[in-house]
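Raw structure-v2.cif, mmCIF, C-alpha atoms:
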data_work
#
loop_
_atom_site.label_atom_id
_atom_site.label_comp_id
_atom_site.auth_asym_id
_atom_site.auth_seq_id
_atom_site.Cartn_x
_atom_site.Cartn_y
_atom_site.Cartn_z
CA MET A 1 -23.61 -3.16 -37.55
CA ASP A 2 -21.78 -1.42 -34.72
CA ARG A 3 -18.01 -1.57 -34.32
CA ALA A 4 -18.07 -3.89 -31.29
CA SER A 5 -20.30 -6.47 -33.03
CA ALA A 6 -18.08 -6.38 -36.11
CA GLY A 7 -15.11 -6.97 -33.83
CA TRP A 8 -16.66 -10.12 -32.36
CA ILE A 9 -17.52 -11.47 -35.82
CA ASN A 10 -14.02 -10.84 -37.15
CA GLY A 11 -12.52 -12.33 -34.01
CA PHE A 12 -14.66 -15.46 -34.34
CA ILE A 13 -13.54 -15.99 -37.95
CA GLY A 14 -9.93 -15.59 -36.85
CA ILE A 15 -10.38 -18.18 -34.11
CA LEU A 16 -11.93 -20.65 -36.54
CA ILE A 17 -8.85 -20.31 -38.74
CA PHE A 18 -6.42 -20.57 -35.81
CA SER A 19 -8.17 -23.69 -34.53
CA GLY A 20 -6.50 -25.67 -37.29
CA SER A 21 -3.01 -24.43 -36.39
CA LEU A 22 -1.98 -27.06 -33.84
CA PRO A 23 -3.35 -30.07 -35.77
CA ALA A 24 -1.69 -28.71 -38.91
CA THR A 25 1.57 -28.14 -37.04
CA ARG A 26 1.38 -31.68 -35.67
CA MET A 27 1.02 -32.97 -39.24
CA ALA A 28 3.92 -30.82 -40.43
CA VAL A 29 6.42 -31.83 -37.72
CA MET A 30 5.93 -35.47 -38.68
CA GLY A 31 8.02 -34.68 -41.75
CA PHE A 32 9.76 -31.38 -41.10
CA ASP A 33 12.19 -30.31 -38.39
CA PRO A 34 10.46 -27.87 -35.99
CA VAL A 35 13.05 -25.13 -36.59
CA PHE A 36 12.76 -25.44 -40.37
CA LEU A 37 8.97 -25.45 -40.11
CA THR A 38 9.03 -22.23 -38.11
CA VAL A 39 11.28 -20.31 -40.48
CA ALA A 40 9.71 -21.81 -43.61
CA ARG A 41 6.17 -20.80 -42.65
CA ALA A 42 7.34 -17.29 -41.78
CA THR A 43 9.27 -17.03 -45.06
CA ILE A 44 6.33 -18.15 -47.20
CA ALA A 45 3.91 -15.86 -45.40
CA GLY A 46 6.45 -13.02 -45.46
CA LEU A 47 6.90 -13.20 -49.22
CA ILE A 48 3.12 -13.12 -49.74
CA ALA A 49 2.80 -10.24 -47.26
CA LEU A 50 5.50 -8.29 -49.10
CA ALA A 51 3.67 -8.80 -52.39
CA LEU A 52 0.41 -7.56 -50.84
CA LEU A 53 2.03 -4.46 -49.36
CA LEU A 54 3.61 -3.61 -52.72
CA LEU A 55 0.41 -4.36 -54.64
CA PHE A 56 -1.69 -2.03 -52.48
CA ARG A 57 1.14 0.49 -52.13
CA GLU A 58 0.85 0.63 -48.37
CA LYS A 59 2.66 3.44 -46.60
CA ARG A 60 5.62 2.38 -44.52
CA PRO A 61 5.12 2.39 -40.72
CA ALA A 62 6.52 5.31 -38.78
CA ARG A 63 9.80 4.84 -36.98
CA SER A 64 7.90 4.97 -33.68
CA ASP A 65 5.96 1.85 -34.73
CA LEU A 66 9.05 -0.29 -35.27
CA ALA A 67 9.40 -1.36 -31.63
CA SER A 68 5.81 -2.61 -31.59
CA LEU A 69 6.32 -4.46 -34.88
CA VAL A 70 9.40 -6.16 -33.43
CA ILE A 71 7.32 -7.31 -30.46
CA VAL A 72 4.62 -8.66 -32.81
CA ALA A 73 7.24 -10.47 -34.88
CA PHE A 74 8.85 -11.93 -31.76
CA GLY A 75 5.52 -13.09 -30.34
CA VAL A 76 3.52 -14.45 -33.28
CA VAL A 77 5.98 -14.82 -36.18
CA ILE A 78 8.83 -16.50 -34.30
CA GLY A 79 8.00 -17.30 -30.66
CA PHE A 80 4.61 -19.01 -30.79
CA PRO A 81 5.25 -21.04 -33.99
CA LEU A 82 8.66 -22.27 -32.80
CA LEU A 83 7.61 -23.10 -29.25
CA THR A 84 4.45 -24.94 -30.35
CA ALA A 85 6.35 -26.86 -33.04
CA LEU A 86 8.89 -27.98 -30.43
CA ALA A 87 6.12 -28.82 -27.95
CA LEU A 88 4.31 -30.96 -30.51
CA THR A 89 7.31 -33.24 -30.79
CA HIS A 90 6.60 -34.20 -27.14
CA VAL A 91 2.79 -34.02 -26.81
CA THR A 92 -0.22 -34.63 -29.05
CA SER A 93 -2.10 -31.78 -30.69
CA ALA A 94 -5.20 -32.74 -28.67
CA HIS A 95 -3.26 -32.33 -25.40
CA SER A 96 -1.62 -29.07 -26.47
CA THR A 97 -4.86 -27.62 -27.82
CA VAL A 98 -6.38 -27.44 -24.35
CA PHE A 99 -3.51 -25.14 -23.30
CA ILE A 100 -4.95 -22.61 -25.73
CA GLY A 101 -7.55 -22.03 -23.03
CA LEU A 102 -4.85 -20.00 -21.27
CA LEU A 103 -4.52 -17.57 -24.17
CA PRO A 104 -7.50 -15.37 -23.22
CA LEU A 105 -5.97 -14.66 -19.80
CA SER A 106 -2.54 -14.01 -21.31
CA THR A 107 -4.01 -11.73 -23.98
CA ALA A 108 -6.13 -9.84 -21.42
CA ILE A 109 -3.14 -9.26 -19.12
CA PHE A 110 -1.08 -7.83 -21.96
CA GLY A 111 -4.14 -5.89 -23.12
CA VAL A 112 -4.01 -4.10 -19.78
CA LEU A 113 -0.23 -3.69 -19.78
CA ARG A 114 0.20 -2.71 -23.43
CA GLY A 115 -3.26 -1.68 -24.62
CA GLY A 116 -4.40 0.37 -21.67
CA GLU A 117 -7.64 -1.58 -21.21
CA ARG A 118 -9.35 -1.87 -17.80
CA PRO A 119 -11.83 -4.77 -17.58
CA ARG A 120 -14.09 -4.93 -14.53
CA PRO A 121 -13.06 -7.17 -11.58
CA ALA A 122 -15.71 -9.80 -12.41
CA PHE A 123 -14.03 -10.27 -15.79
CA TRP A 124 -10.88 -11.56 -14.14
CA ILE A 125 -12.88 -14.09 -12.12
CA PHE A 126 -14.23 -15.73 -15.26
CA SER A 127 -10.92 -15.49 -17.10
CA CYS A 128 -8.96 -16.99 -14.19
CA LEU A 129 -11.57 -19.73 -13.79
CA GLY A 130 -11.01 -20.80 -17.38
CA SER A 131 -7.26 -20.81 -16.87
CA ALA A 132 -7.59 -22.83 -13.65
CA LEU A 133 -9.64 -25.44 -15.51
CA VAL A 134 -6.89 -25.74 -18.12
CA ALA A 135 -4.16 -26.06 -15.48
CA GLY A 136 -6.20 -28.68 -13.67
CA PHE A 137 -6.54 -30.66 -16.87
CA ALA A 138 -2.78 -30.65 -17.41
CA VAL A 139 -2.17 -31.93 -13.89
CA SER A 140 -4.86 -34.61 -14.19
CA GLN A 141 -3.23 -35.89 -17.37
CA GLY A 142 0.08 -36.35 -15.60
CA ILE A 143 2.14 -33.30 -16.39
CA ALA A 144 5.30 -35.13 -15.38
CA ALA A 145 4.83 -37.48 -18.33
CA ALA A 146 5.89 -34.74 -20.76
CA PRO A 147 7.00 -31.74 -18.69
CA LEU A 148 9.08 -30.23 -21.49
CA GLY A 149 6.17 -30.24 -23.91
CA ASP A 150 3.87 -28.58 -21.37
CA LEU A 151 6.46 -25.96 -20.41
CA LEU A 152 7.01 -25.13 -24.08
CA MET A 153 3.27 -24.71 -24.54
CA LEU A 154 3.07 -22.38 -21.51
CA ALA A 155 5.93 -20.28 -22.88
CA ALA A 156 4.18 -20.17 -26.25
CA ILE A 157 1.00 -18.89 -24.61
CA ILE A 158 2.87 -16.05 -22.90
CA VAL A 159 4.67 -14.76 -26.00
CA CYS A 160 1.54 -15.20 -28.11
CA GLY A 161 -0.58 -13.15 -25.70
CA LEU A 162 2.02 -10.39 -25.90
CA GLY A 163 2.05 -10.50 -29.70
CA TYR A 164 -1.75 -10.46 -29.88
CA ALA A 165 -2.13 -7.46 -27.57
CA GLU A 166 0.69 -5.48 -29.17
CA GLY A 167 -0.61 -6.18 -32.67
CA ALA A 168 -4.15 -5.23 -31.72
CA LYS A 169 -2.96 -1.93 -30.27
CA LEU A 170 -1.01 -1.15 -33.42
CA SER A 171 -3.92 -2.24 -35.65
CA ARG A 172 -5.92 0.74 -34.43
CA LYS A 173 -3.37 2.88 -36.26
CA LEU A 174 -2.14 0.78 -39.19
CA GLY A 175 -4.95 -1.70 -39.84
CA GLY A 176 -5.18 -5.40 -39.05
CA TRP A 177 -3.70 -7.04 -42.14
CA GLN A 178 -1.05 -4.35 -42.44
CA VAL A 179 0.31 -5.06 -38.95
CA ILE A 180 0.91 -8.77 -39.47
CA SER A 181 2.22 -8.09 -42.99
CA TRP A 182 4.78 -5.54 -41.83
CA ALA A 183 5.82 -7.80 -38.94
CA LEU A 184 6.37 -10.67 -41.38
CA VAL A 185 8.34 -8.45 -43.76
CA LEU A 186 10.45 -7.16 -40.86
CA ALA A 187 11.39 -10.73 -39.96
CA LEU A 188 11.70 -11.93 -43.58
CA PRO A 189 15.46 -11.44 -44.16
CA VAL A 190 16.38 -13.48 -41.07
CA MET A 191 13.66 -16.09 -41.67
CA LEU A 192 14.67 -16.57 -45.31
CA ALA A 193 18.33 -16.99 -44.43
CA LEU A 194 17.51 -19.51 -41.70
CA ALA A 195 15.13 -21.40 -44.00
CA LEU A 196 17.87 -21.81 -46.60
CA PHE A 197 20.38 -22.81 -43.94
CA ASN A 198 18.04 -25.42 -42.44
CA LEU A 199 16.78 -26.92 -45.70
CA PRO A 200 16.23 -30.68 -45.38
CA SER A 201 18.83 -32.76 -47.21
CA SER A 202 15.99 -34.38 -49.16
CA PHE A 203 12.27 -33.73 -49.59
CA ALA A 204 11.59 -37.13 -51.12
CA SER A 205 10.67 -38.84 -47.85
CA ILE A 206 8.27 -36.12 -46.67
CA ALA A 207 4.69 -37.35 -46.88
CA ALA A 208 1.74 -35.38 -48.27
CA PRO A 209 0.14 -34.65 -44.85
CA SER A 210 3.29 -32.79 -43.78
CA TRP A 211 3.12 -30.63 -46.88
CA VAL A 212 -0.55 -29.93 -46.25
CA GLY A 213 0.32 -28.91 -42.69
CA LEU A 214 3.07 -26.58 -43.93
CA VAL A 215 0.75 -24.91 -46.44
CA TYR A 216 -1.97 -24.39 -43.83
CA VAL A 217 0.25 -22.86 -41.15
CA SER A 218 1.98 -20.67 -43.73
CA LEU A 219 -1.11 -19.24 -45.42
CA PHE A 220 -3.84 -19.40 -42.80
CA SER A 221 -2.19 -19.56 -39.35
CA MET A 222 0.60 -17.13 -40.18
CA LEU A 223 -1.22 -14.64 -42.39
CA ILE A 224 -4.93 -14.86 -43.25
CA GLY A 225 -6.12 -15.62 -39.71
CA PHE A 226 -4.45 -12.46 -38.45
CA PHE A 227 -6.32 -10.33 -40.99
CA PHE A 228 -9.53 -11.09 -39.08
CA TRP A 229 -8.06 -11.52 -35.60
CA TYR A 230 -6.21 -8.22 -35.28
CA ARG A 231 -9.15 -6.33 -36.79
CA GLY A 232 -11.49 -8.02 -34.33
CA LEU A 233 -9.32 -7.21 -31.32
CA ALA A 234 -8.95 -3.59 -32.41
CA GLN A 235 -12.69 -3.16 -33.01
CA GLY A 236 -14.16 -5.06 -30.07
CA GLY A 237 -11.45 -4.69 -27.42
CA ILE A 238 -8.43 -6.87 -26.66
CA ALA A 239 -9.65 -8.35 -23.38
CA GLY A 240 -13.24 -8.94 -24.50
CA VAL A 241 -12.75 -10.38 -27.98
CA GLY A 242 -9.71 -12.24 -26.67
CA GLN A 243 -12.09 -14.46 -24.69
CA LEU A 244 -13.18 -16.03 -27.98
CA GLN A 245 -9.99 -18.04 -27.70
CA LEU A 246 -11.82 -20.14 -25.14
CA LEU A 247 -13.66 -21.62 -28.13
CA GLN A 248 -10.44 -22.63 -29.86
CA PRO A 249 -9.81 -25.82 -27.83
CA PHE A 250 -13.26 -27.10 -28.81
CA PHE A 251 -12.66 -26.66 -32.51
CA GLY A 252 -9.06 -27.86 -32.20
CA LEU A 253 -10.07 -31.08 -30.47
CA LEU A 254 -12.60 -31.82 -33.19
CA LEU A 255 -9.96 -31.30 -35.86
CA ALA A 256 -7.42 -33.43 -33.99
CA ALA A 257 -9.91 -36.29 -33.78
CA THR A 258 -11.05 -35.91 -37.39
CA LEU A 259 -7.77 -35.34 -39.18
CA LEU A 260 -5.20 -37.05 -36.95
CA HIS A 261 -7.43 -39.74 -35.40
CA GLU A 262 -6.16 -38.76 -31.97
CA GLN A 263 -8.10 -40.06 -29.00
CA ILE A 264 -10.26 -37.50 -27.24
CA SER A 265 -10.73 -38.48 -23.61
CA PRO A 266 -13.94 -37.66 -21.73
CA ILE A 267 -12.09 -35.30 -19.41
CA MET A 268 -10.83 -33.33 -22.42
CA LEU A 269 -14.42 -32.76 -23.50
CA VAL A 270 -15.56 -31.84 -19.98
CA VAL A 271 -12.77 -29.29 -19.57
CA THR A 272 -13.39 -27.85 -23.01
CA VAL A 273 -17.11 -27.40 -22.38
CA ALA A 274 -16.39 -25.81 -19.00
CA ILE A 275 -13.94 -23.25 -20.32
CA VAL A 276 -16.23 -22.42 -23.23
CA ALA A 277 -18.95 -21.64 -20.65
CA CYS A 278 -16.63 -19.04 -19.10
CA VAL A 279 -16.65 -16.90 -22.24
CA ALA A 280 -20.19 -15.60 -21.66
CA GLY A 281 -19.37 -14.29 -18.19
CA ALA A 282 -16.04 -12.83 -19.26
CA LYS A 283 -17.60 -11.11 -22.25
CA LYS A 284 -20.27 -9.48 -20.07
CA PHE A 285 -17.73 -7.80 -17.80
CA ALA A 286 -14.96 -7.09 -20.34
CA ARG A 287 -15.70 -3.34 -20.31
#
Rewritten as C-alpha cells:
Amino acid sequence: MDRASAGWINGFIGILIFSGSLPATRMAVMGFDPVFLTVARATIAGLIALALLLLFREKRPARSDLASLVIVAFGVVIGFPLLTALALTHVTSAHSTVFIGLLPLSTAIFGVLRGGERPRPAFWIFSCLGSALVAGFAVSQGIAAAPLGDLLMLAAIIVCGLGYAEGAKLSRKLGGWQVISWALVLALPVMLALALFNLPSSFASIAAPSWVGLVYVSLFSMLIGFFFWYRGLAQGGIAGVGQLQLLQPFFGLLLAATLLHEQISPIMLVVTVAIVACVAGAKKFAR
C-alpha cells in the first residue's frame, strides 16, 4: 500500500472516532461544567500520554519543536474542547455537528499557511462550496436563535484547523501519536491544577451518560483519534486528507439521533449529503 492510500485510511479511522466527540460532549455537559470537562479530559488523556511516552522511552522533542507543540496544545487540547463544550450548552449536538463541515476549509487554509501545501485552484472551489452549504444551513436554521453557540462553534473550527495543520506538520518529524502525547504532557501541569480547582462539589448527582461522555472524549477524542488522524494528515497531505472531515457531520448526525434521540430535520440530511459530495472533487484536486 502506498503512503497516500495509507494516509486516507488512517484519516478515515480518525474521523470515525472524532464523529462521536460532539454527541459525547453533549452528554458530558449535561452533568459537568464545560470548563471542568475541558480540563478533566485533557488531564486524563495527558496522564495516559505521559505513561505511554515513558513506557516507550520516547526521545524528548527538540527545543525548536516547542512552539509548534504549544500551538497544537492551544488548538486541540484547550481551544476546541472548551469552545465546543461552551457551545453545546446553547445548541444541540446535531446543530453543532454540521459546523464540522467547515473544518476541511479551515484545515486546508492552515495547511497552506503552516504546512507549505499548494492545492490546485479547483480544490478551493469544492472546499468553499462545502463551507457555503454549512453557512447556509446555519442561516436557514435561524442563527439569531442561538448566536453565541454558533459563534463559539465557528471559533472552535478556526483553532482546531490550526491545531490539525500544525500537528500534521510536526508529525512528519516526531510521529502522529507522539505529537498529541507531547502536546498533552506540555499542557498537563496547568490542566491538572485547573481540574482540581474546578472539581464539582459533589459527584453524586452526575448521571451515567455524563460519565460515559467524559470517558469517550478523554480517551478517544483527546488521544486515540489523534493517533490515526495526525498520521493520516502527514502521510496523505493536510489539505487532501483534511477533506475527510466532510464525512464527520454524517456520522455525527447518526450518533446524535441514535444516542441522544435528537431530531434530525430533512434539511440537515440534505446539507450533509451535499457537503459529503464535495469531498470527491476536493480530493481530486488536492495536489
To test your reading of the syntax: which residues would the PyMOL selection byres ((chain A and resi 191) around 12) return for the file shown? Reply as a JSON list (two decimals) with C-alpha atoms, in the coordinates of the input.
[["chain", "number", "residue", "atom", "x", "y", "z"],
["A", 35, "VAL", "CA", 13.05, -25.13, -36.59],
["A", 36, "PHE", "CA", 12.76, -25.44, -40.37],
["A", 37, "LEU", "CA", 8.97, -25.45, -40.11],
["A", 38, "THR", "CA", 9.03, -22.23, -38.11],
["A", 39, "VAL", "CA", 11.28, -20.31, -40.48],
["A", 40, "ALA", "CA", 9.71, -21.81, -43.61],
["A", 41, "ARG", "CA", 6.17, -20.80, -42.65],
["A", 42, "ALA", "CA", 7.34, -17.29, -41.78],
["A", 43, "THR", "CA", 9.27, -17.03, -45.06],
["A", 44, "ILE", "CA", 6.33, -18.15, -47.20],
["A", 45, "ALA", "CA", 3.91, -15.86, -45.40],
["A", 46, "GLY", "CA", 6.45, -13.02, -45.46],
["A", 47, "LEU", "CA", 6.90, -13.20, -49.22],
["A", 73, "ALA", "CA", 7.24, -10.47, -34.88],
["A", 74, "PHE", "CA", 8.85, -11.93, -31.76],
["A", 77, "VAL", "CA", 5.98, -14.82, -36.18],
["A", 78, "ILE", "CA", 8.83, -16.50, -34.30],
["A", 82, "LEU", "CA", 8.66, -22.27, -32.80],
["A", 183, "ALA", "CA", 5.82, -7.80, -38.94],
["A", 184, "LEU", "CA", 6.37, -10.67, -41.38],
["A", 185, "VAL", "CA", 8.34, -8.45, -43.76],
["A", 186, "LEU", "CA", 10.45, -7.16, -40.86],
["A", 187, "ALA", "CA", 11.39, -10.73, -39.96],
["A", 188, "LEU", "CA", 11.70, -11.93, -43.58],
["A", 189, "PRO", "CA", 15.46, -11.44, -44.16],
["A", 190, "VAL", "CA", 16.38, -13.48, -41.07],
["A", 192, "LEU", "CA", 14.67, -16.57, -45.31],
["A", 193, "ALA", "CA", 18.33, -16.99, -44.43],
["A", 194, "LEU", "CA", 17.51, -19.51, -41.70],
["A", 195, "ALA", "CA", 15.13, -21.40, -44.00],
["A", 196, "LEU", "CA", 17.87, -21.81, -46.60],
["A", 197, "PHE", "CA", 20.38, -22.81, -43.94],
["A", 198, "ASN", "CA", 18.04, -25.42, -42.44],
["A", 199, "LEU", "CA", 16.78, -26.92, -45.70]]
* To do: For the file shown, report as a ChimeraX atom specification the outcome of the PyMOL selection byres ((chain A and resi 108) around 9) at residue level.
  => /A:103-107,109-113,117,119,124,127,161,165,238-240,242-243
* Expand the PyMOL selection byres ((chain A and resi 237) around 12) into the individual residues it matches in the shown file, reporting them as a PyMOL selection string. => chain A and resi 3-8+10-11+107-108+111-112+115-119+164-165+168-169+171-172+229-236+238-244+283+285-287
* **Test item: residues at most 12 Å from Ser19 (chain A), only C-alpha atoms, excluding those fewer than 2 positions along its chain, as number ranges by chain** => A: 12-17, 21-25, 93-94, 96-98, 100-101, 216-217, 220-221, 225, 244-256
* What is the CA of Val271 (chain A)-CA of Met27 (chain A) distance in Å, reported with one decimal? -> 24.3 Å
* Mind giving me the straight-line distance from CA of Asp65 (chain A) to CA of Gly79 (chain A) in Å, one decimal? =>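 According to the coordinates, CA of Asp65 (chain A) and CA of Gly79 (chain A) are separated by 19.7 Å.
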Hey, can I get the axis-aligned box for region 151-166 of chain A? All listed atoms, 3 Å padding on each side, centre and edge lengths in Å to one decimal, as AutoDock Vina command-line options.
--center_x 2.4 --center_y -15.7 --center_z -25.1 --size_x 15.1 --size_y 26.5 --size_z 15.5
* To do: Report the distance between CA of Trp177 (chain A) and CA of Leu88 (chain A) in Å, rounded to one decimal place.
  =>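 Taking CA of Trp177 (chain A) and CA of Leu88 (chain A), their separation equals 27.8 Å.
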